[in-house]
Amino acid sequence: MIHIENNIYSTKRLPVTIIRNTPFSLSVISFFLLLTLNVTQAMAKPRYNRTVEEYKIPDITLINQDGERVPLVKYLDTEQPVILEFIFATCTTICPILSIGYTNLQDQLGAEAANLRLVSISIDPEYDTPEVMKAYLQRYNAQPGWDFLTGSIGDINVAMRAFDAFVPDKMGHRPLIFLRSPKEKTWVRIDGLMSGKELKNEYLQLKK
Amino acid sequence: MLLGATIVQVPHRGEENKGGTAIKNTVPGWKLVRRPVSYRKKYLYSLLPWSFVVLFFLSLREKSGAVYFLETESLQQEIRRIVQENRGITVAGGWSACNGWLTSLFLIVLLSFAGVCQGKEVVQDKEEVSGEELIALGRQIYRQGILADGEPVEAYVMGDVKVLGTQFTCLNCHGRSGLGGAEGKTYTLAVNPAALFSPRESVYLQRSAYDEGTLEVAIRQGETPEGTALSTAMPVYHLADREMAALIAYLKTLSNEFSPGLTEEELHIATVISDQVDPMAEHAMLAVMEGYFKDKNARTRNERKRVDHGPFYQHYRLKAYRQWVLHVWELHGPPETWTAQLEEYYNQQPVFAMVAGLVQGAWEPIHAFCEKNEIPNVLPNTDWPGGIGTDDFYTLYFSEGLHLESRVIAADLVALQRSGRVLQVYRPGEKGAFGASSFRETVARIEGMAVSDWALERGARLNRAELLNWVKEAKAETVILWLSAEELAGVSLAGTEQMIAGPVYLSSSMLGGVLTPVPLIEGKRVKLVHPFVLPKNQEAVFGRVRVWLESRNIPLNDHRILGQTYYACMMLGEGLMHIRRHFYRDYLMDALDHSNAKAIYSVNYPRLSYGPGQRYLAKGAFIIEETAPEMKKSPASATWIVPYL
């Protein structure tokens with residue numbers, strides 16, 4: 001369930017009464033007073049699970065949207081930060097949101113996006129052929145740096161298992177996102193859908 | 001005197017907006033009269049952190065009183081009092097998530113100068129359009145995410161992530177039927193009128209019934225009539241009023257009336273059989289269907305009994321149980337006349353769905369009939385399916401048949417780096433011709449490949465001398481024989497290695513599919529394209545249905561038809577079980593899209609996989625290589641190929 005409690009009104013009720021015919025100065029004072037309170041509100045607690053994990057990248061070769069072979073170990077042995085997700089092209093609800101998250105991140109980062117490796121790995125590899133994946137990336141306005149990978153069912157299962165993300169039936173898959181900074185071996189594993197701001201913050205934390 | 005309110009709602013980009021609805025709920029019977037600031041203006045405002053100042057002037061211009069923001073019980077009461085005293089105010093809700101109560105408070109303070117004045121009701125002009133047009137626009141927004149002017153719909157998901165309708169839209173989450181579904185632990189709720197316009201009391205979400213006003217708020221701001229926030233996985237949509245009206249008009253048509261082919265007691269289902277099909281196959285198919293339907297109906301009777309006598313069966317469960325009634329629609333004469341015959345059958349007895357089926361020739365006429373009448377057609381027995389390359393919805397196929405095989409052959413040739421000339425042999429007008437034309441189409445995109453065709457005359461068999469002649473004339477190095485076992489019988493290609501340099505391909509579907517001994521052309525290296533379970537595993541896998549068939553005295557003759565038909569009936573049952581009492585055809589298809597877990601019960605295909613909108617379940621085939629004159633159970637090699645072509 002990804003029902004998210006973001007209705008601040010139900011959680012924070014303020015004892016407010018209406019002030020009428022109040023001198024203007026008072027309103028200005030109250031404005032600045034309340035400005036400080038507003039800051040705490042902005043620091044809402046994250047609505048996803050975040051852990052730090054170590055994964056061994058399996059020695060498999062996948063195929064990208066251009067039909068090129070991609071040896072995964074070499075591909076992920078990079079100086080760039082990496083974000084990795086498991087999706088499939090015809091998936092409903094979860095994958096569209098994960099993918100539009102990538103679109104949004106590339107958008108937000110502008111030129112910097114070229115230094116970030118975004119990886120989508122298909123968990124429906126027989127349907128997601130390079131042709132399908134290419135069309136999918138186009139639909140999401142993917143910029144260079146975002147690859148969609150497919151492969152044999154066996155290899156895809158190995159990849160899912162390596163990230164502790166295996167599901168026997170693709171319809172039961174979870175919204176998982178993995179982030180790794182170039183400096184570290186560990187991955188930040190995120191379970192749950194994120195806002196654009198949250199994903200960007202996770203990414204920015206990586207670089208430090 | 002008007003008792004009304006002008007609620008000025010200025011949602012910040014993609015953020016929730018609570019004020020308007022909450023205020024609306026404050027005063028019983030108070031109608032939500034929206035006075036949305038135009039969307040263009042809204043963007044302007046949202047650029048200003050000080051936009052509440054603009055709102056303030058706006059409220060002055062409206063010649064009405066305070067702009068209030070609703071936070072607390074006491075404030076609600078206060079507003080109720082003011083409304084009662086003043087008969088109408090202008091209320092602004094907004095900026096909830098971005099600036100929160102700070103802004104609201106400041107607004108209240110600021111606007112207290114304005115005092116509370118008489119409000120006026122603002123009725124929105126809605127352009128006059130016919131219901132049909134409106135629904136068509138709504139459908140376009142729901143399914144394609146495109147507005148009347150061709151621009152994509154704009155929305156924000158997860159609070160701040162911009163989505164265009166062309167990236168994904170209602171359809172991608174709520175399904176064609178609008179009844180939603182679960183993926184992982186994400187629940188996409190139903191958006192058909194029965195669900196929306198009645199209260200929801202599930203553990204997952206409780207809310208009162210929507211009306212048109214609150215539904216708009218749900219779609220625009222992501223909140224329930226109570227003002228609680230929906231999950232931000234549900235995007236908030238920026239739609240102008242006419243578009244919103246269209247969308248809601250369309251939502252009202254979604255899964256609204258039960259589909260035809262249904263009575264209180266019965267569920268009508270048809271299957272199609274044409275002239276000239278193999279009598280053994282026909283018998284096998286009908287025997288399985290009759291057996292399956294009988295079983296199913298016996299179980300349904302038991303359920304009904306339990307409902308009558310048992311204490312724990314709630315009445316509503318009964319509504320899901322219906323007797324399945326099978327109608328066998330026989331098609332006679334040339335395929336051009338089939339459509340009229342189908343329409344005739346359908347007029348006499350509408351059916352809810354069609355299952356299996358067997359015809360001589362292309363499935364296309366039946367495909368088109370089902371698409372036109374929106375009838376689900378679950379897994380027909382055909383190697384010559386319709387709808388390839390389209391977004392057609394209502395027929396679910398095992399595979400693309402010979403089209404898939406032709407792509408697998410092309411992929412194999414590309415992998416072998418054997419471009420060059422290919423000779424195809426087939427019988428015109430039969431399914432082999434479909435394989436041949438598919439192959440030609442597929443390789444048209446591949447550089448360096450050229451195809452020559454040899455159409456075998458009716459009644460003629462393959463003949464060694466003639467074949468070699470054709471090969472020579474076409475300068476072919478590869479041969480594809482889209483021919484049946486009879487047409488191939490007795491041909492020896494021994495000693496032709498010099499003349500045919502490349503492989504000779506045979507199609508397993510042409511040869512009858514499963515478990516039939518494959519006649520090999522003696523002495524020549526042959527590749528068999530085989531989308532089925534490997535010969536060595538067939539016995540074991542077929543064992544899954546053997547007992548069922550034997551116990552019903554069904555002869556174990558045509559394993560392919562027996563297995564496929566059993567699986568088709570099972571999937572129909574699976575789909576119907578999933579939709580329970582919601583007898584909407586679109587929902588049946590949506591439900592089948594999510595039945596991936598059942599793929600393992602197929603006895604014919606090693607891999608079937610389902611997915612939303614995927615209409616051809618098997619995506620690849622083996623290439624079996626054999627050098628021996630007789631196909632052995634364990635061939636020399638078998639490689640699974642998913643064609644990337």
# chains A, B, ... in the order shown; residues from 1 in each chain; ligands from 1

$ residues_around --residues "B:Tyr584" --least-positions-apart "2" --cutoff "10 Å" --atoms "only C-alpha atoms" --output "ChimeraX atom specification"
/B:177,179,254-260,352,576,579,581-582,586-590

$ write_last_selection --atoms "N, CA and C atoms" --output "PDB file, in the first residue's frame"
ATOM      1  N   SER B 177     -11.508  -0.715 -18.135  1.00  0.00           N
ATOM      2  CA  SER B 177     -12.809  -0.839 -17.490  1.00  0.00           C
ATOM      3  C   SER B 177     -13.017   0.231 -16.430  1.00  0.00           C
ATOM      4  N   LEU B 179     -12.071  -0.148 -13.502  1.00  0.00           N
ATOM      5  CA  LEU B 179     -12.261  -0.802 -12.215  1.00  0.00           C
ATOM      6  C   LEU B 179     -10.955  -0.985 -11.448  1.00  0.00           C
ATOM      7  N   LEU B 254     -18.340   4.376 -17.772  1.00  0.00           N
ATOM      8  CA  LEU B 254     -17.425   3.257 -17.533  1.00  0.00           C
ATOM      9  C   LEU B 254     -18.080   2.176 -16.682  1.00  0.00           C
ATOM     10  N   SER B 255     -17.988   0.937 -17.132  1.00  0.00           N
ATOM     11  CA  SER B 255     -18.512  -0.199 -16.373  1.00  0.00           C
ATOM     12  C   SER B 255     -19.788   0.203 -15.627  1.00  0.00           C
ATOM     13  N   ASN B 256     -20.744   0.606 -16.402  1.00  0.00           N
ATOM     14  CA  ASN B 256     -21.949   1.179 -15.830  1.00  0.00           C
ATOM     15  C   ASN B 256     -23.110   0.196 -15.882  1.00  0.00           C
ATOM     16  N   GLU B 257     -23.303  -0.403 -17.052  1.00  0.00           N
ATOM     17  CA  GLU B 257     -24.337  -1.424 -17.168  1.00  0.00           C
ATOM     18  C   GLU B 257     -23.657  -2.739 -17.465  1.00  0.00           C
ATOM     19  N   PHE B 258     -24.200  -3.823 -16.938  1.00  0.00           N
ATOM     20  CA  PHE B 258     -23.632  -5.126 -17.242  1.00  0.00           C
ATOM     21  C   PHE B 258     -23.591  -5.315 -18.751  1.00  0.00           C
ATOM     22  N   SER B 259     -22.541  -5.952 -19.203  1.00  0.00           N
ATOM     23  CA  SER B 259     -22.421  -6.208 -20.631  1.00  0.00           C
ATOM     24  C   SER B 259     -23.474  -7.220 -21.061  1.00  0.00           C
ATOM     25  N   PRO B 260     -23.809  -7.253 -22.357  1.00  0.00           N
ATOM     26  CA  PRO B 260     -24.797  -8.216 -22.838  1.00  0.00           C
ATOM     27  C   PRO B 260     -24.321  -9.666 -22.677  1.00  0.00           C
ATOM     28  N   PHE B 352     -21.638 -13.105 -23.694  1.00  0.00           N
ATOM     29  CA  PHE B 352     -20.779 -12.240 -22.887  1.00  0.00           C
ATOM     30  C   PHE B 352     -19.337 -12.310 -23.377  1.00  0.00           C
ATOM     31  N   LEU B 576     -13.255 -14.818 -15.039  1.00  0.00           N
ATOM     32  CA  LEU B 576     -14.602 -14.613 -14.491  1.00  0.00           C
ATOM     33  C   LEU B 576     -14.585 -14.676 -12.967  1.00  0.00           C
ATOM     34  N   ILE B 579     -13.358 -11.259 -11.749  1.00  0.00           N
ATOM     35  CA  ILE B 579     -14.271 -10.104 -11.842  1.00  0.00           C
ATOM     36  C   ILE B 579     -15.502 -10.296 -10.956  1.00  0.00           C
ATOM     37  N   ARG B 581     -18.762 -10.412  -9.378  1.00  0.00           N
ATOM     38  CA  ARG B 581     -20.096 -10.026  -9.850  1.00  0.00           C
ATOM     39  C   ARG B 581     -20.054  -8.812 -10.778  1.00  0.00           C
ATOM     40  N   HIS B 582     -18.861  -8.348 -11.091  1.00  0.00           N
ATOM     41  CA  HIS B 582     -18.760  -7.175 -11.972  1.00  0.00           C
ATOM     42  C   HIS B 582     -18.682  -7.646 -13.414  1.00  0.00           C
ATOM     43  N   ASP B 586     -14.886  -5.318 -20.437  1.00  0.00           N
ATOM     44  CA  ASP B 586     -13.567  -4.690 -20.372  1.00  0.00           C
ATOM     45  C   ASP B 586     -12.828  -5.142 -19.113  1.00  0.00           C
ATOM     46  N   TYR B 587     -13.591  -5.343 -18.063  1.00  0.00           N
ATOM     47  CA  TYR B 587     -12.970  -5.756 -16.815  1.00  0.00           C
ATOM     48  C   TYR B 587     -12.428  -7.180 -16.931  1.00  0.00           C
ATOM     49  N   LEU B 588     -13.148  -8.011 -17.690  1.00  0.00           N
ATOM     50  CA  LEU B 588     -12.642  -9.367 -17.925  1.00  0.00           C
ATOM     51  C   LEU B 588     -11.273  -9.309 -18.607  1.00  0.00           C
ATOM     52  N   MET B 589     -11.175  -8.443 -19.613  1.00  0.00           N
ATOM     53  CA  MET B 589      -9.884  -8.329 -20.306  1.00  0.00           C
ATOM     54  C   MET B 589      -8.821  -7.757 -19.377  1.00  0.00           C
ATOM     55  N   ASP B 590      -9.173  -6.713 -18.629  1.00  0.00           N
ATOM     56  CA  ASP B 590      -8.213  -6.139 -17.670  1.00  0.00           C
ATOM     57  C   ASP B 590      -7.756  -7.206 -16.669  1.00  0.00           C
TER      58      ASP B 590
END

$ residues_around --residues "A:Cys95" --least-positions-apart "3" --cutoff "10 Å" --atoms "only C-alpha atoms" --output "count of residues only"
18

$ residues_around --residues "stretch 46-50 of chain A" --least-positions-apart "2" --cutoff "6 Å" --atoms "only C-alpha atoms" --output "CSV table (one decimal) with C-alpha atoms, in the first residue's frame"
chain,number,residue,atom,x,y,z
A,189,ARG,CA,17.9,1.0,-1.3
A,190,ILE,CA,14.6,2.8,-1.4
A,191,ASP,CA,11.3,1.0,-1.1
A,192,GLY,CA,8.3,3.3,-1.9

$ residues_around --residues "A:Leu62" --least-positions-apart "3" --cutoff "8 Å" --atoms "only C-alpha atoms" --output "PyMOL selection string"
chain A and resi 69-72+149-152+155

$ residues_around --residues "B:Gln498" --least-positions-apart "5" --cutoff "12 Å" --atoms "only C-alpha atoms" --output "list in words"
Leu468, Val471, Lys472, Ala476, Glu477, Thr478, Leu493, Pro503 and Lys524 of chain B

$ write_last_selection --atoms "N, CA and C atoms" --output "PDB file, in the first residue's frame"
ATOM      1  N   LEU B 468      14.758 -27.707 -56.368  1.00  0.00           N
ATOM      2  CA  LEU B 468      16.138 -27.347 -56.680  1.00  0.00           C
ATOM      3  C   LEU B 468      16.211 -26.357 -57.843  1.00  0.00           C
ATOM      4  N   VAL B 471      15.389 -23.034 -56.373  1.00  0.00           N
ATOM      5  CA  VAL B 471      16.517 -22.544 -55.579  1.00  0.00           C
ATOM      6  C   VAL B 471      17.561 -21.937 -56.507  1.00  0.00           C
ATOM      7  N   LYS B 472      17.810 -22.649 -57.573  1.00  0.00           N
ATOM      8  CA  LYS B 472      18.815 -22.201 -58.514  1.00  0.00           C
ATOM      9  C   LYS B 472      18.409 -20.878 -59.154  1.00  0.00           C
ATOM     10  N   ALA B 476      19.013 -18.820 -54.204  1.00  0.00           N
ATOM     11  CA  ALA B 476      18.753 -18.811 -52.758  1.00  0.00           C
ATOM     12  C   ALA B 476      19.772 -19.653 -52.011  1.00  0.00           C
ATOM     13  N   GLU B 477      20.156 -19.174 -50.838  1.00  0.00           N
ATOM     14  CA  GLU B 477      21.008 -20.011 -50.001  1.00  0.00           C
ATOM     15  C   GLU B 477      20.255 -20.531 -48.784  1.00  0.00           C
ATOM     16  N   THR B 478      19.067 -19.989 -48.558  1.00  0.00           N
ATOM     17  CA  THR B 478      18.238 -20.438 -47.446  1.00  0.00           C
ATOM     18  C   THR B 478      16.857 -20.775 -47.981  1.00  0.00           C
ATOM     19  N   LEU B 493      16.280 -34.511 -49.529  1.00  0.00           N
ATOM     20  CA  LEU B 493      17.219 -33.491 -49.983  1.00  0.00           C
ATOM     21  C   LEU B 493      18.653 -33.947 -49.795  1.00  0.00           C
ATOM     22  N   PRO B 503      20.524 -23.022 -44.137  1.00  0.00           N
ATOM     23  CA  PRO B 503      19.577 -23.944 -43.529  1.00  0.00           C
ATOM     24  C   PRO B 503      18.252 -24.051 -44.297  1.00  0.00           C
ATOM     25  N   LYS B 524      19.230 -33.758 -44.926  1.00  0.00           N
ATOM     26  CA  LYS B 524      19.552 -32.326 -45.008  1.00  0.00           C
ATOM     27  C   LYS B 524      19.438 -31.738 -43.614  1.00  0.00           C
TER      28      LYS B 524
END

$ residues_around --residues "B:Leu196" --least-positions-apart "3" --cutoff "6 Å" --atoms "only C-alpha atoms" --output "ChimeraX atom specification"
/B:191,193,210

$ write_last_selection --atoms "all heavy atoms" --output "CSV table (one decimal), in the first residue's frame"
chain,number,residue,atom,x,y,z
B,191,VAL,N,-13.0,3.7,-10.7
B,191,VAL,CA,-13.5,5.0,-11.0
B,191,VAL,C,-14.8,4.9,-11.9
B,191,VAL,O,-15.1,5.8,-12.7
B,191,VAL,CB,-12.5,5.9,-11.7
B,191,VAL,CG1,-11.4,6.2,-10.7
B,191,VAL,CG2,-11.9,5.2,-13.0
B,193,PRO,N,-19.0,4.7,-12.2
B,193,PRO,CA,-20.0,5.5,-11.4
B,193,PRO,C,-20.5,4.8,-10.2
B,193,PRO,O,-20.7,5.4,-9.1
B,193,PRO,CB,-21.1,5.7,-12.4
B,193,PRO,CG,-20.8,5.0,-13.6
B,193,PRO,CD,-19.4,4.6,-13.6
B,210,TYR,N,-19.1,10.7,-3.9
B,210,TYR,CA,-18.8,11.9,-4.7
B,210,TYR,C,-20.0,12.4,-5.3
B,210,TYR,O,-20.9,11.7,-5.6
B,210,TYR,CB,-17.7,11.6,-5.8
B,210,TYR,CG,-16.3,11.3,-5.3
B,210,TYR,CD1,-15.8,10.0,-5.3
B,210,TYR,CD2,-15.5,12.4,-5.0
B,210,TYR,CE1,-14.5,9.8,-4.9
B,210,TYR,CE2,-14.2,12.1,-4.6
B,210,TYR,CZ,-13.7,10.8,-4.5
B,210,TYR,OH,-12.4,10.6,-4.2

$ atom_distance --atom1 "atom CA of B:Gly429" --atom2 "atom CA of B:Glu405"
17.9 Å

$ residues_around --residues "stretch 131-135 of chain A" --least-positions-apart "6" --cutoff "8 Å" --atoms "only C-alpha atoms" --output "list in words"
Gln65, Asp66, Ala89, Phe148 and Leu149 of chain A; Tyr644 and Leu645 of chain B

$ select_by_dssp --residues "stretch 251-337 of chain B" --states "helix (DSSP H, G or I)" --output "PyMOL selection string"
chain B and resi 251+279-309+315-318+335-337

$ select_by_dssp --residues "stretch 30-207 of chain A" --states "strand (DSSP E)" --output "CSV table (one decimal) with N, CA, C and O atoms, in the first residue's frame"
chain,number,residue,atom,x,y,z
A,49,ASN,N,10.9,3.7,2.7
A,49,ASN,CA,11.9,3.0,3.5
A,49,ASN,C,13.2,3.1,2.8
A,49,ASN,O,13.4,2.9,1.7
A,50,ARG,N,14.2,3.5,3.6
A,50,ARG,CA,15.5,3.7,3.1
A,50,ARG,C,16.5,2.9,3.9
A,50,ARG,O,16.6,3.0,5.1
A,51,THR,N,17.3,2.1,3.2
A,51,THR,CA,18.3,1.3,3.8
A,51,THR,C,19.6,1.4,3.0
A,51,THR,O,19.5,1.8,1.8
A,52,VAL,N,20.7,1.0,3.6
A,52,VAL,CA,22.0,1.0,2.8
A,52,VAL,C,22.4,-0.5,2.7
A,52,VAL,O,22.4,-1.2,3.7
A,53,GLU,N,22.7,-0.9,1.5
A,53,GLU,CA,22.9,-2.3,1.3
A,53,GLU,C,24.2,-2.5,0.5
A,53,GLU,O,24.6,-1.6,-0.3
A,61,THR,N,25.2,-10.4,-19.2
A,61,THR,CA,25.2,-9.4,-20.2
A,61,THR,C,23.7,-9.2,-20.6
A,61,THR,O,23.0,-10.1,-21.0
A,62,LEU,N,23.4,-7.9,-20.6
A,62,LEU,CA,22.0,-7.5,-21.0
A,62,LEU,C,22.0,-6.8,-22.3
A,62,LEU,O,23.1,-6.6,-22.9
A,63,ILE,N,20.8,-6.4,-22.8
A,63,ILE,CA,20.7,-5.8,-24.1
A,63,ILE,C,20.0,-4.5,-23.9
A,63,ILE,O,19.0,-4.4,-23.2
A,69,ARG,N,24.9,-5.1,-26.7
A,69,ARG,CA,25.1,-5.9,-25.6
A,69,ARG,C,25.8,-5.1,-24.5
A,69,ARG,O,26.6,-4.3,-24.7
A,70,VAL,N,25.3,-5.3,-23.2
A,70,VAL,CA,25.8,-4.5,-22.1
A,70,VAL,C,26.2,-5.5,-21.0
A,70,VAL,O,25.4,-6.0,-20.3
A,71,PRO,N,27.5,-5.7,-20.9
A,71,PRO,CA,28.0,-6.5,-19.7
A,71,PRO,C,27.8,-5.7,-18.4
A,71,PRO,O,28.4,-4.6,-18.3
A,82,VAL,N,24.9,6.2,-10.0
A,82,VAL,CA,24.0,5.3,-10.7
A,82,VAL,C,22.7,5.3,-9.9
A,82,VAL,O,22.7,5.2,-8.7
A,83,ILE,N,21.6,5.3,-10.7
A,83,ILE,CA,20.3,5.0,-10.1
A,83,ILE,C,19.7,3.9,-10.9
A,83,ILE,O,19.7,3.9,-12.1
A,84,LEU,N,19.2,2.9,-10.2
A,84,LEU,CA,18.7,1.7,-10.9
A,84,LEU,C,17.3,1.3,-10.4
A,84,LEU,O,17.0,1.4,-9.3
A,85,GLU,N,16.5,0.9,-11.4
A,85,GLU,CA,15.1,0.5,-11.1
A,85,GLU,C,14.7,-0.8,-11.9
A,85,GLU,O,15.2,-1.0,-13.0
A,86,PHE,N,13.8,-1.5,-11.4
A,86,PHE,CA,13.2,-2.6,-12.2
A,86,PHE,C,11.8,-2.3,-12.6
A,86,PHE,O,11.0,-2.0,-11.8
A,87,ILE,N,11.6,-2.3,-13.9
A,87,ILE,CA,10.3,-1.9,-14.4
A,87,ILE,C,9.9,-2.8,-15.6
A,87,ILE,O,10.6,-3.6,-16.0
A,117,ARG,N,24.0,8.1,-14.3
A,117,ARG,CA,23.6,7.0,-15.1
A,117,ARG,C,22.2,6.5,-14.5
A,117,ARG,O,22.2,6.0,-13.4
A,118,LEU,N,21.2,6.6,-15.3
A,118,LEU,CA,19.9,6.1,-14.9
A,118,LEU,C,19.7,4.7,-15.6
A,118,LEU,O,19.8,4.7,-16.9
A,119,VAL,N,19.4,3.7,-14.9
A,119,VAL,CA,19.2,2.4,-15.4
A,119,VAL,C,17.8,1.9,-15.1
A,119,VAL,O,17.4,1.8,-14.0
A,120,SER,N,17.1,1.4,-16.1
A,120,SER,CA,15.8,0.7,-15.9
A,120,SER,C,16.1,-0.7,-16.4
A,120,SER,O,16.5,-0.9,-17.6
A,121,ILE,N,15.8,-1.7,-15.6
A,121,ILE,CA,16.0,-3.1,-16.0
A,121,ILE,C,14.6,-3.7,-16.2
A,121,ILE,O,13.8,-3.6,-15.2
A,122,SER,N,14.3,-4.3,-17.3
A,122,SER,CA,13.0,-4.9,-17.5
A,122,SER,C,12.8,-6.2,-16.8
A,122,SER,O,13.7,-7.0,-16.7
A,146,TRP,N,20.2,7.6,-19.8
A,146,TRP,CA,19.1,6.8,-19.2
A,146,TRP,C,19.0,5.6,-20.2
A,146,TRP,O,18.7,5.7,-21.4
A,147,ASP,N,19.3,4.4,-19.7
A,147,ASP,CA,19.3,3.1,-20.5
A,147,ASP,C,18.2,2.2,-19.9
A,147,ASP,O,18.0,2.1,-18.7
A,148,PHE,N,17.6,1.5,-20.9
A,148,PHE,CA,16.6,0.5,-20.5
A,148,PHE,C,17.2,-0.8,-21.0
A,148,PHE,O,17.6,-1.0,-22.1
A,149,LEU,N,17.3,-1.8,-20.0
A,149,LEU,CA,18.0,-3.0,-20.4
A,149,LEU,C,17.0,-4.2,-20.3
A,149,LEU,O,16.2,-4.3,-19.4
A,176,LEU,N,10.9,-0.3,-6.1
A,176,LEU,CA,12.2,-0.2,-5.5
A,176,LEU,C,13.1,0.7,-6.4
A,176,LEU,O,13.1,0.7,-7.6
A,177,ILE,N,14.0,1.5,-5.7
A,177,ILE,CA,14.9,2.3,-6.4
A,177,ILE,C,16.3,2.1,-5.7
A,177,ILE,O,16.3,2.1,-4.4
A,178,PHE,N,17.3,2.0,-6.4
A,178,PHE,CA,18.7,1.8,-5.9
A,178,PHE,C,19.6,2.9,-6.3
A,178,PHE,O,19.6,3.2,-7.5
A,179,LEU,N,20.3,3.5,-5.4
A,179,LEU,CA,21.2,4.6,-5.8
A,179,LEU,C,22.6,4.3,-5.3
A,179,LEU,O,22.8,3.8,-4.2
A,180,ARG,N,23.6,4.6,-6.1
A,180,ARG,CA,25.0,4.4,-5.6
A,180,ARG,C,25.9,5.6,-6.1
A,180,ARG,O,25.8,6.0,-7.2
A,187,TRP,N,24.9,0.5,-1.8
A,187,TRP,CA,23.7,1.1,-2.5
A,187,TRP,C,22.7,1.6,-1.5
A,187,TRP,O,22.5,0.9,-0.5
A,188,VAL,N,22.1,2.7,-1.8
A,188,VAL,CA,20.9,3.1,-1.0
A,188,VAL,C,19.7,2.5,-1.6
A,188,VAL,O,19.5,2.6,-2.8
A,189,ARG,N,19.0,1.7,-0.8
A,189,ARG,CA,17.9,1.0,-1.3
A,189,ARG,C,16.6,1.7,-0.8
A,189,ARG,O,16.4,1.9,0.4
A,190,ILE,N,15.8,2.1,-1.7
A,190,ILE,CA,14.6,2.8,-1.4
A,190,ILE,C,13.3,2.0,-1.8
A,190,ILE,O,13.2,1.6,-2.9
A,191,ASP,N,12.5,1.8,-0.8
A,191,ASP,CA,11.3,1.0,-1.1
A,191,ASP,C,10.1,2.0,-0.9
A,191,ASP,O,9.8,2.4,0.2

$ closest_residue --among "B:Gln221, B:Asn604, B:Asn596, B:Asn377" --to "chain A" --atoms "only C-alpha atoms"
B:Asn596

$ atom_distance --atom1 "atom CA of B:Gly387" --atom2 "atom CA of B:Glu371"
9.4 Å

$ closest_residue --among "A:Asp124, A:Tyr203, A:Asn141, A:Thr129" --to "A:Gly154" --atoms "only C-alpha atoms"
A:Asp124

$ atom_distance --atom1 "atom CA of B:Trp329" --atom2 "atom CA of B:Ser399"
23.2 Å
